Amino acid sequence: MTTDTTGTSNRTSTRTRTPNRTPWIVATAAALAIVTAGAFTTLAGLLVGPLHEEFGWSRGTIGLGTFVSMALYGATAPFAAALMDRFGMRRVATTALALVAAGAALTTTMTASAQFVLYWGVFVGLGTGATATAFAATVTERWFVARRGLVTGLLTAASVVGQFVFLPVLSEVIDAHGWRSAALALAVAATAALPLVWLLLRDHPADVGQAPYGASEFVAKPAPVPGAARRAVRVLARATRTAPFWLLAATFAVCGASTNGVMWTHFAPAAHDHGMPVTVAASLLSLIGIFNVAGTVGSGVLTDRLDARRLLATYYALRGLTLLALPLLLTATVGPPIVTFVIVFGLLDVATVPPTLALCRAHYGSDAPVVFGWVNAAHQLGAGLVAFLGGAARDAFGSYDFVWVAAGALCATGALMALTIRRPAQDELTTAVQESYRTGSL
């Protein structure tokens, strides 16, 4: 018996030192999936004009398809996190890439607005939701003990790269070859990324005999968790009995409304209303994406060191001020004022993700990826509502000015809510709070 135990210990130690797969390789594979899927989430903003011209659909009608996509993007996340515990990250991520590829390809064949809602709203919404921030949270939770804030920032930045960096290219493709060519290009990109993600992504460090990054001991792989949908709902039921969940969900809904909802969907057409070419507006969005990377990674580093609640309040307050100023800055040409807006907004745009995830982890422990998925659902609900209402407001008032002012006011509310989130308990108290949450006494 002694010999067997020693042998097992030696094999475990050997596996822990095996350098075949590192957490950073897995994070890179996850980033590839996130970048690819992220490109789909902002193309809808470039489709508003072409679809309006070709089919005669109103902006509100097109916004409905975008709303469905954003809402499903958010609603899918918690179930995707639970499915990853059941079937593994690799299967879920590759299935998601196949789904977005199919949705984009089918969109090029549509002739009715209901088909846009189905192909882009449902298929692309489900696929992008499964490779969203809850996916990043799962990767971080399983593969990293140290540098979690930094890795969260890097994976969030990967999403930003997909969302913004390819916008000028897609805009040029639309101008030169039509919107169908841009949608097909994304379908091909997702198809090409799928086998690479399958080969490089691994579900758990134990699969390759390693400990999580920064861990001092080998961590055994947990058994698959059956009933993914039931678990996601049970986690939601427990979380809704706690005040931090509602505050985090509300602030993240404001985040979605003031980023995906207005900027990613309505900035390009709003700039075009002021005489700016759509390709130039898309380039400005791309520049926002570049600064998103710096802002998100920097926010991850700050989250490892500072009070996440105060970071959130600062981000929302500053974002609100930039949105209030935007109607005064939009012109037909690009000048220093609009460039300054792009830089500041870019640094703040998705900087809210690392501190929000950190607060979920502090309050909800091992359920944090699923809880964050539900919080992200609120983000997308806010984004989808403003995407739809913003288009309706443009149809009604002939201008987007009211939309920018309303978004700025929402951000001010978000800043106040962030400050009211309870400070996470520490050490032994953290364990007690999380156990009370699990047993339903909190």
# chains A, B, ... in the order shown; residues from 1 in each chain; ligands from 1
>>> residues_around(residues="Val233 in chain A", least_positions_apart="2", cutoff="10 Å", atoms="only C-alpha atoms", output="PyMOL selection string")
chain A and resi 78-79+82+228-231+235-239+370-371+374
>>> atom_distance(atom1="CA of His379 in chain A", atom2="CA of Tyr73 in chain A")
9.5 Å
>>> closest_atom_pairs(of="range 135-232 of chain A", to="range 45-64 of chain A", cutoff="10 Å", atoms="only C-alpha atoms", output="Markdown table")
| residue | atom | partner | partner_atom | distance |
| --- | --- | --- | --- | --- |
| A:Leu167 | CA | A:Leu46 | CA | 8.3 |
| A:Pro168 | CA | A:Leu46 | CA | 10.0 |
| A:Leu170 | CA | A:Leu46 | CA | 8.3 |
| A:Ser171 | CA | A:Leu46 | CA | 6.9 |
| A:Ile174 | CA | A:Leu46 | CA | 8.3 |
| A:Asp175 | CA | A:Pro50 | CA | 9.5 |
| A:Gly178 | CA | A:Pro50 | CA | 8.1 |
| A:Trp179 | CA | A:Leu47 | CA | 6.8 |
| A:Arg180 | CA | A:Leu47 | CA | 9.5 |
| A:Ala182 | CA | A:Leu47 | CA | 9.6 |
| A:Ala183 | CA | A:Leu47 | CA | 9.5 |
>>> closest_residue(among="A:Pro222, A:Pro23, A:Gly256, A:Pro355", to="Gly300 in chain A", atoms="only C-alpha atoms")
A:Pro355
>>> residues_around(residues="range 409-419 of chain A", least_positions_apart="4", cutoff="7 Å", atoms="only C-alpha atoms", output="PDB file with N, CA, C and O atoms, in the first residue's frame")
ATOM      1  N   LEU A 247     -27.329  44.509  -7.658  1.00  0.00           N
ATOM      2  CA  LEU A 247     -26.547  45.710  -7.950  1.00  0.00           C
ATOM      3  C   LEU A 247     -25.561  45.468  -9.083  1.00  0.00           C
ATOM      4  O   LEU A 247     -25.383  46.324  -9.970  1.00  0.00           O
ATOM      5  N   THR A 251     -25.793  47.472 -12.627  1.00  0.00           N
ATOM      6  CA  THR A 251     -24.688  48.266 -13.157  1.00  0.00           C
ATOM      7  C   THR A 251     -24.215  47.716 -14.504  1.00  0.00           C
ATOM      8  O   THR A 251     -23.874  48.479 -15.416  1.00  0.00           O
ATOM      9  N   VAL A 254     -26.438  48.843 -17.276  1.00  0.00           N
ATOM     10  CA  VAL A 254     -26.050  50.195 -17.681  1.00  0.00           C
ATOM     11  C   VAL A 254     -24.823  50.139 -18.585  1.00  0.00           C
ATOM     12  O   VAL A 254     -24.733  50.857 -19.593  1.00  0.00           O
ATOM     13  N   ARG A 309     -15.154  48.132  -6.359  1.00  0.00           N
ATOM     14  CA  ARG A 309     -16.361  48.958  -6.348  1.00  0.00           C
ATOM     15  C   ARG A 309     -16.038  50.399  -6.749  1.00  0.00           C
ATOM     16  O   ARG A 309     -16.768  51.013  -7.544  1.00  0.00           O
ATOM     17  N   ARG A 310     -14.957  50.932  -6.221  1.00  0.00           N
ATOM     18  CA  ARG A 310     -14.589  52.314  -6.558  1.00  0.00           C
ATOM     19  C   ARG A 310     -14.115  52.415  -7.999  1.00  0.00           C
ATOM     20  O   ARG A 310     -14.354  53.436  -8.666  1.00  0.00           O
ATOM     21  N   LEU A 312     -15.317  50.637 -10.478  1.00  0.00           N
ATOM     22  CA  LEU A 312     -16.543  50.654 -11.279  1.00  0.00           C
ATOM     23  C   LEU A 312     -17.200  52.032 -11.253  1.00  0.00           C
ATOM     24  O   LEU A 312     -17.623  52.549 -12.297  1.00  0.00           O
ATOM     25  N   ALA A 313     -17.320  52.615 -10.084  1.00  0.00           N
ATOM     26  CA  ALA A 313     -17.953  53.926  -9.978  1.00  0.00           C
ATOM     27  C   ALA A 313     -17.208  54.966 -10.810  1.00  0.00           C
ATOM     28  O   ALA A 313     -17.823  55.798 -11.500  1.00  0.00           O
ATOM     29  N   THR A 314     -15.888  54.926 -10.768  1.00  0.00           N
ATOM     30  CA  THR A 314     -15.089  55.867 -11.549  1.00  0.00           C
ATOM     31  C   THR A 314     -15.293  55.663 -13.038  1.00  0.00           C
ATOM     32  O   THR A 314     -15.471  56.629 -13.802  1.00  0.00           O
ATOM     33  N   TYR A 316     -17.888  54.345 -14.651  1.00  0.00           N
ATOM     34  CA  TYR A 316     -19.214  54.753 -15.111  1.00  0.00           C
ATOM     35  C   TYR A 316     -19.369  56.268 -15.125  1.00  0.00           C
ATOM     36  O   TYR A 316     -19.982  56.836 -16.037  1.00  0.00           O
ATOM     37  N   ALA A 317     -18.841  56.934 -14.120  1.00  0.00           N
ATOM     38  CA  ALA A 317     -18.961  58.393 -14.052  1.00  0.00           C
ATOM     39  C   ALA A 317     -18.258  59.051 -15.235  1.00  0.00           C
ATOM     40  O   ALA A 317     -18.814  59.932 -15.911  1.00  0.00           O
ATOM     41  N   ARG A 319     -17.429  57.628 -18.109  1.00  0.00           N
ATOM     42  CA  ARG A 319     -18.084  57.249 -19.368  1.00  0.00           C
ATOM     43  C   ARG A 319     -19.322  58.108 -19.609  1.00  0.00           C
ATOM     44  O   ARG A 319     -19.598  58.525 -20.744  1.00  0.00           O
ATOM     45  N   GLY A 320     -20.083  58.370 -18.543  1.00  0.00           N
ATOM     46  CA  GLY A 320     -21.263  59.203 -18.687  1.00  0.00           C
ATOM     47  C   GLY A 320     -20.936  60.596 -19.179  1.00  0.00           C
ATOM     48  O   GLY A 320     -21.637  61.156 -20.042  1.00  0.00           O
ATOM     49  N   VAL A 405     -27.692  61.585 -24.550  1.00  0.00           N
ATOM     50  CA  VAL A 405     -27.937  62.202 -23.251  1.00  0.00           C
ATOM     51  C   VAL A 405     -28.521  61.180 -22.270  1.00  0.00           C
ATOM     52  O   VAL A 405     -28.116  61.117 -21.099  1.00  0.00           O
TER      53      VAL A 405
END
>>> select_by_dssp(residues="range 3-218 of chain A", states="helix (DSSP H, G or I)", output="VMD selection string")
chain A and resid 3 to 17 23 to 55 59 to 87 89 to 107 113 to 130 133 to 143 148 to 165 167 to 177 179 to 200 205 to 208
>>> residues_around(residues="range 322-324 of chain A", least_positions_apart="5", cutoff="7 Å", atoms="only C-alpha atoms", output="PyMOL selection string")
chain A and resi 341+345+404-405+407-408
>>> residues_around(residues="Ala308 in chain A", least_positions_apart="2", cutoff="12 Å", atoms="only C-alpha atoms", output="MDAnalysis selection string")
chainID A and resid 149 248 299:306 310:315 351:362 418:424
>>> closest_residue(among="A:Leu106, A:Ala406, A:Val375, A:Ala268", to="Leu43 in chain A", atoms="only C-alpha atoms")
A:Ala268
>>> closest_residue(among="A:Val334, A:Ala137, A:Ala29, A:Ala215", to="Asn376 in chain A", atoms="only C-alpha atoms")
A:Ala137
>>> residues_around(residues="Gly298 in chain A", least_positions_apart="6", cutoff="9 Å", atoms="only C-alpha atoms", output="PyMOL selection string")
chain A and resi 150+153+347+351
